[in-house]
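Read through the structure below, which is laid out as structure tokens, and then see the notes.
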2 protein chains.
Amino acid sequence: MNLQQTELLQGTLDLLILKALALQPLHGLGVARRIEQVTRGTFCVKAGSLFPALHRMEEEGWLKAAWGESENNRKAKYYELTKRGRRQLENETERWARISLAIGRALEVKA
Amino acid sequence: MNLQQTELLQGTLDLLILKALALQPLHGLGVARRIEQVTRGTFCVKAGSLFPALHRMEEEGWLKAAWGESENNRKAKYYELTKRGRRQLENETERWARISLAIGRALEVKA
DNA sequence: TCTTTCATATTGACATTCGATAGGTGTGAC
DNA sequence: GTCACACCTATCGAATGTCAATATGAAAGA
């Protein structure tokens, strides 16, 4: 029933998007490509997951969007981080570090 | 509205429960305590999250439950891993390794 | 003894959040 | 015209959180 191709952990998509945009502004599908690239294909974000997330994050004030042209002369909405977005990236990065450390510790416990 | 004390990433609770029970059978609240202990307080699983998860996992056939007595002579339901549960633990451990590696790589990219 | 109180142990109803699925629009390039 | 790019929306389901409830043994005091 539930083929679950992407393997994305809930709560990590925002972090990946923020990080992708911290390097440079990108349009929506560009974000997806960047994420796929830096995770070496581990995460493949579909449009239907991506755009709702971008809108959510724009409403939160983490992103600012502006219409522009893509590399191929197509209309595209470019997103960039706001100051609050950078702060959020720091928070989520720190949160990730804490969580992955804790789980790592849990998993290394031997019987 | 959303105070979110526990900071649990969706998808990691099952893993932590499986790992906790891999060491020894425990009753519900015992699982919660074990998790809190091995993650050094990072994760504090509330009853309302824990028991639905245990029931879900029992339905999946990963856990087997049996009534017994707790250390304090109270009725308590003890859970232990089934063979399928051990296999699931291996799967989820491997999944976690893959995911945390990918995110780690994404985060270490420099501008 | 009786009863009050507390910690243990479990359960259920409900809301929320997030990502997945599956569709749909518009447009430039060939 | 066809295709690939770029975006959008509606809707669903799974998983977790919140809150409240139940039941029971233990401990303490009248």
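Labeling convention for the structure tokens: chains A, B, ... as they appear, residues from 1 per chain, ligands from 1 in order of appearance.
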
- Which of range 66-109 of chain B DSSP labels strand (DSSP E or B), written as an NGL selection string: :B and (66-69 or 75-81)

For chain C against range 5-21 of chain D, with a cut-off of 10 Å and counting only C-alpha atoms (C1' of nucleotides), what is the closest atom pair and its distance in Å to one decimal for every residue that makes the cut, ordered by chain and number, as a Markdown table?
```
| residue | atom | partner | partner_atom | distance |
| --- | --- | --- | --- | --- |
| C:DT11 | C1' | D:DA21 | C1' | 8.1 |
| C:DG12 | C1' | D:DA21 | C1' | 8.0 |
| C:DA13 | C1' | D:DA20 | C1' | 8.9 |
| C:DC14 | C1' | D:DT18 | C1' | 8.5 |
| C:DA15 | C1' | D:DT18 | C1' | 8.1 |
| C:DT16 | C1' | D:DG17 | C1' | 8.0 |
| C:DT17 | C1' | D:DT16 | C1' | 8.8 |
| C:DC18 | C1' | D:DA15 | C1' | 9.6 |
| C:DG19 | C1' | D:DA14 | C1' | 9.6 |
| C:DA20 | C1' | D:DC12 | C1' | 8.4 |
| C:DT21 | C1' | D:DC12 | C1' | 8.0 |
| C:DA22 | C1' | D:DT11 | C1' | 9.1 |
| C:DG23 | C1' | D:DA10 | C1' | 8.6 |
| C:DG24 | C1' | D:DC8 | C1' | 8.0 |
| C:DT25 | C1' | D:DC8 | C1' | 7.9 |
| C:DG26 | C1' | D:DC7 | C1' | 8.8 |
| C:DT27 | C1' | D:DC5 | C1' | 8.7 |
| C:DG28 | C1' | D:DC5 | C1' | 8.6 |
```

Expected file contents, prior selection, N, CA and C atoms (P, O5', C5', C4', C3', O3' and C1' of nucleotides), as a compact mmCIF listing (two decimals), in the first residue's frame:
```txt
# COMPACT_ATOMS: atom_id res chain seq x y z
P DT C 11 -3.40 -1.08 27.29
O5' DT C 11 -4.50 0.05 27.10
C5' DT C 11 -5.69 0.05 27.89
C4' DT C 11 -6.49 1.29 27.62
C3' DT C 11 -6.71 1.63 26.15
O3' DT C 11 -8.02 1.26 25.79
C1' DT C 11 -6.32 3.57 27.50
P DG C 12 -8.51 1.31 24.28
O5' DG C 12 -9.16 2.75 24.16
C5' DG C 12 -10.09 3.20 25.14
C4' DG C 12 -10.42 4.65 24.88
C3' DG C 12 -10.59 4.98 23.39
O3' DG C 12 -11.93 5.37 23.17
C1' DG C 12 -9.14 6.56 24.51
P DA C 13 -12.35 6.00 21.75
O5' DA C 13 -12.20 7.56 21.99
C5' DA C 13 -12.91 8.22 23.04
C4' DA C 13 -12.83 9.73 22.84
C3' DA C 13 -13.13 10.19 21.42
O3' DA C 13 -13.76 11.47 21.48
C1' DA C 13 -10.90 10.73 21.95
P DC C 14 -14.20 12.22 20.14
O5' DC C 14 -12.94 13.16 19.83
C5' DC C 14 -12.58 14.20 20.75
C4' DC C 14 -11.35 14.89 20.23
C3' DC C 14 -11.40 15.22 18.73
O3' DC C 14 -11.64 16.61 18.56
C1' DC C 14 -9.26 14.39 19.44
P DA C 15 -11.30 17.35 17.19
O5' DA C 15 -9.78 17.74 17.37
C5' DA C 15 -9.37 18.58 18.45
C4' DA C 15 -7.97 19.09 18.18
C3' DA C 15 -7.82 19.79 16.82
O3' DA C 15 -6.96 20.90 16.99
C1' DA C 15 -6.40 17.88 16.91
P DT C 16 -6.61 21.85 15.76
O5' DT C 16 -5.16 21.33 15.37
C5' DT C 16 -4.25 21.00 16.40
C4' DT C 16 -2.93 20.58 15.80
C3' DT C 16 -2.63 21.24 14.44
O3' DT C 16 -1.30 21.73 14.48
C1' DT C 16 -2.45 18.88 14.27
P DT C 17 -0.78 22.78 13.38
O5' DT C 17 0.66 22.20 13.04
C5' DT C 17 1.18 21.12 13.79
C4' DT C 17 1.88 20.15 12.87
C3' DT C 17 2.28 20.76 11.52
O3' DT C 17 3.68 20.64 11.41
C1' DT C 17 1.24 18.63 11.25
P DC C 18 4.53 21.34 10.25
O5' DC C 18 4.87 20.15 9.29
C5' DC C 18 5.42 18.95 9.84
C4' DC C 18 5.25 17.83 8.86
C3' DC C 18 5.70 18.21 7.44
O3' DC C 18 6.75 17.34 7.09
C1' DC C 18 3.56 17.11 7.44
P DG C 19 7.82 17.77 5.98
O5' DG C 19 7.63 16.66 4.86
C5' DG C 19 7.67 15.28 5.22
C4' DG C 19 6.67 14.52 4.41
C3' DG C 19 6.86 14.61 2.90
O3' DG C 19 7.30 13.36 2.42
C1' DG C 19 4.56 14.81 3.54
P DA C 20 7.18 12.97 0.86
O5' DA C 20 5.70 12.41 0.73
C5' DA C 20 5.36 11.19 1.38
C4' DA C 20 4.18 10.54 0.66
C3' DA C 20 4.36 10.39 -0.84
O3' DA C 20 3.79 9.15 -1.26
C1' DA C 20 2.50 11.82 -0.38
P DT C 21 3.89 8.75 -2.83
O5' DT C 21 2.42 8.99 -3.39
C5' DT C 21 1.32 8.99 -2.50
C4' DT C 21 0.04 9.22 -3.28
C3' DT C 21 0.16 9.10 -4.79
O3' DT C 21 -1.00 8.43 -5.28
C1' DT C 21 -0.63 11.27 -4.23
P DA C 22 -1.07 7.97 -6.84
O5' DA C 22 -2.04 9.07 -7.45
C5' DA C 22 -3.09 9.60 -6.64
C4' DA C 22 -3.71 10.78 -7.35
C3' DA C 22 -3.49 10.75 -8.87
O3' DA C 22 -4.67 11.18 -9.51
C1' DA C 22 -2.73 12.77 -8.02
P DG C 23 -4.91 10.77 -11.06
O5' DG C 23 -4.88 12.20 -11.76
C5' DG C 23 -6.09 12.91 -11.77
C4' DG C 23 -5.86 14.34 -11.31
C3' DG C 23 -5.67 15.33 -12.44
O3' DG C 23 -6.91 15.72 -12.97
C1' DG C 23 -4.30 15.83 -10.53
P DG C 24 -7.01 16.26 -14.47
O5' DG C 24 -6.73 17.82 -14.35
C5' DG C 24 -7.23 18.57 -13.22
C4' DG C 24 -6.46 19.86 -13.17
C3' DG C 24 -6.13 20.42 -14.55
O3' DG C 24 -6.86 21.61 -14.84
C1' DG C 24 -4.24 20.49 -13.09
P DT C 25 -6.64 22.29 -16.30
O5' DT C 25 -5.57 23.42 -15.98
C5' DT C 25 -5.86 24.48 -15.06
C4' DT C 25 -4.71 25.48 -15.11
C3' DT C 25 -4.45 26.02 -16.51
O3' DT C 25 -4.56 27.43 -16.52
C1' DT C 25 -2.44 25.19 -15.51
P DG C 26 -4.55 28.18 -17.98
O5' DG C 26 -3.02 28.55 -18.20
C5' DG C 26 -2.30 29.25 -17.19
C4' DG C 26 -0.84 29.33 -17.59
C3' DG C 26 -0.60 29.71 -19.06
O3' DG C 26 0.35 30.75 -19.10
C1' DG C 26 0.60 27.75 -18.51
P DT C 27 0.57 31.59 -20.49
O5' DT C 27 2.07 31.24 -20.86
C5' DT C 27 3.05 31.11 -19.84
C4' DT C 27 4.32 30.49 -20.44
C3' DT C 27 4.49 30.79 -21.94
O3' DT C 27 5.87 30.91 -22.22
C1' DT C 27 4.56 28.51 -21.61
P DG C 28 6.36 32.26 -23.05
O5' DG C 28 7.80 31.80 -23.53
C5' DG C 28 8.79 31.49 -22.57
C4' DG C 28 9.56 30.26 -22.99
C3' DG C 28 10.14 30.33 -24.41
O3' DG C 28 11.50 29.93 -24.36
C1' DG C 28 8.85 28.35 -24.15
```

- Message: Please extract the residues of chain B with a backbone DSSP assignment of alpha helix (DSSP H) and present them as a count of residues only.
- Response: 62

- Message: Could you list, as a list in words, every residue within 6 Å of range 56-70 of chain A, counting only C-alpha atoms (C1' of nucleotides) and ignoring same-chain residues fewer than 3 positions away?
- Response: Ala53, Asn73, Arg74, Lys75, Ala76, Lys77, Tyr78, Tyr79, Glu80, Leu81, Thr82, Arg84 and Gly85 of chain A

- Message: Please identify all residues of chain A having at least one atom at most 12 Å from any atom of chain B, considering only C-alpha atoms, and return them as number ranges by chain.
- Response: A: 6-25, 34-44, 89-90, 92-111

Write the residues of the selection above to a file with C-alpha atoms, as a PDB file, in the first residue's frame.
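out.pdb was written with the following content:
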```
ATOM      1  CA  THR A   6      11.335   9.209  -0.597  1.00  0.00           C
ATOM      2  CA  GLU A   7      12.302   8.109   2.867  1.00  0.00           C
ATOM      3  CA  LEU A   8      12.113  11.631   4.097  1.00  0.00           C
ATOM      4  CA  LEU A   9      11.889  11.995   7.819  1.00  0.00           C
ATOM      5  CA  GLN A  10       9.196  14.430   8.816  1.00  0.00           C
ATOM      6  CA  GLY A  11      10.765  17.574  10.080  1.00  0.00           C
ATOM      7  CA  THR A  12      13.830  17.405   7.903  1.00  0.00           C
ATOM      8  CA  LEU A  13      12.390  18.863   4.718  1.00  0.00           C
ATOM      9  CA  ASP A  14      12.409  22.394   6.058  1.00  0.00           C
ATOM     10  CA  LEU A  15      16.001  21.988   7.126  1.00  0.00           C
ATOM     11  CA  LEU A  16      17.062  20.756   3.699  1.00  0.00           C
ATOM     12  CA  ILE A  17      15.242  23.575   1.941  1.00  0.00           C
ATOM     13  CA  LEU A  18      16.717  26.211   4.221  1.00  0.00           C
ATOM     14  CA  LYS A  19      20.181  24.827   3.693  1.00  0.00           C
ATOM     15  CA  ALA A  20      19.742  24.686  -0.080  1.00  0.00           C
ATOM     16  CA  LEU A  21      18.687  28.320  -0.165  1.00  0.00           C
ATOM     17  CA  ALA A  22      21.457  29.421   2.165  1.00  0.00           C
ATOM     18  CA  LEU A  23      23.926  28.777  -0.635  1.00  0.00           C
ATOM     19  CA  GLN A  24      22.036  30.818  -3.214  1.00  0.00           C
ATOM     20  CA  PRO A  25      18.512  31.788  -4.215  1.00  0.00           C
ATOM     21  CA  ARG A  34      19.868  20.898  -5.194  1.00  0.00           C
ATOM     22  CA  ILE A  35      18.565  18.689  -2.420  1.00  0.00           C
ATOM     23  CA  GLU A  36      18.799  15.613  -4.575  1.00  0.00           C
ATOM     24  CA  GLN A  37      22.322  16.588  -5.513  1.00  0.00           C
ATOM     25  CA  VAL A  38      23.741  17.305  -2.072  1.00  0.00           C
ATOM     26  CA  THR A  39      22.193  14.187  -0.596  1.00  0.00           C
ATOM     27  CA  ARG A  40      23.471  12.187  -3.553  1.00  0.00           C
ATOM     28  CA  GLY A  41      20.057  10.982  -4.554  1.00  0.00           C
ATOM     29  CA  THR A  42      18.963   9.884  -1.115  1.00  0.00           C
ATOM     30  CA  PHE A  43      16.140  12.408  -1.018  1.00  0.00           C
ATOM     31  CA  CYS A  44      13.951  13.040  -4.012  1.00  0.00           C
ATOM     32  CA  LEU A  89      18.382  27.429   9.723  1.00  0.00           C
ATOM     33  CA  GLU A  90      20.694  27.785  12.675  1.00  0.00           C
ATOM     34  CA  GLU A  92      17.143  23.556  12.935  1.00  0.00           C
ATOM     35  CA  THR A  93      20.756  22.676  12.327  1.00  0.00           C
ATOM     36  CA  GLU A  94      21.368  22.716  16.029  1.00  0.00           C
ATOM     37  CA  ARG A  95      18.225  20.691  16.615  1.00  0.00           C
ATOM     38  CA  TRP A  96      19.348  18.119  14.081  1.00  0.00           C
ATOM     39  CA  ALA A  97      22.709  17.807  15.766  1.00  0.00           C
ATOM     40  CA  ARG A  98      21.078  17.230  19.108  1.00  0.00           C
ATOM     41  CA  ILE A  99      18.646  14.665  17.777  1.00  0.00           C
ATOM     42  CA  SER A 100      21.070  12.681  15.695  1.00  0.00           C
ATOM     43  CA  LEU A 101      23.511  12.582  18.570  1.00  0.00           C
ATOM     44  CA  ALA A 102      20.825  11.276  20.911  1.00  0.00           C
ATOM     45  CA  ILE A 103      19.687   8.593  18.521  1.00  0.00           C
ATOM     46  CA  GLY A 104      23.239   7.646  17.770  1.00  0.00           C
ATOM     47  CA  ARG A 105      23.802   7.124  21.462  1.00  0.00           C
ATOM     48  CA  ALA A 106      20.638   5.079  21.789  1.00  0.00           C
ATOM     49  CA  LEU A 107      21.678   2.830  18.946  1.00  0.00           C
ATOM     50  CA  GLU A 108      25.171   2.173  20.126  1.00  0.00           C
ATOM     51  CA  VAL A 109      24.014   0.714  23.436  1.00  0.00           C
ATOM     52  CA  LYS A 110      24.958  -2.932  23.543  1.00  0.00           C
ATOM     53  CA  ALA A 111      23.016  -5.652  25.246  1.00  0.00           C
TER      54      ALA A 111
END
```

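With only C-alpha atoms (C1' of nucleotides) as the atoms that count, the residue of B:Asn91, B:Lys83, B:Glu71, B:Leu29 with the shortest distance to chain C is B:Leu29.
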
- Query: DT10 in chain C: which residues within 9 Å, counting only C-alpha atoms (C1' of nucleotides), same-chain residues fewer than 6 positions away excluded, as number ranges by chain?
  - Reply: B: 28, 47, 51, 76-77; D: 22-23

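With only C-alpha atoms (C1' of nucleotides) as the atoms that count, the residue of B:His27, B:Lys46, B:Arg86, B:Arg33 with the shortest distance to chain C is B:His27.
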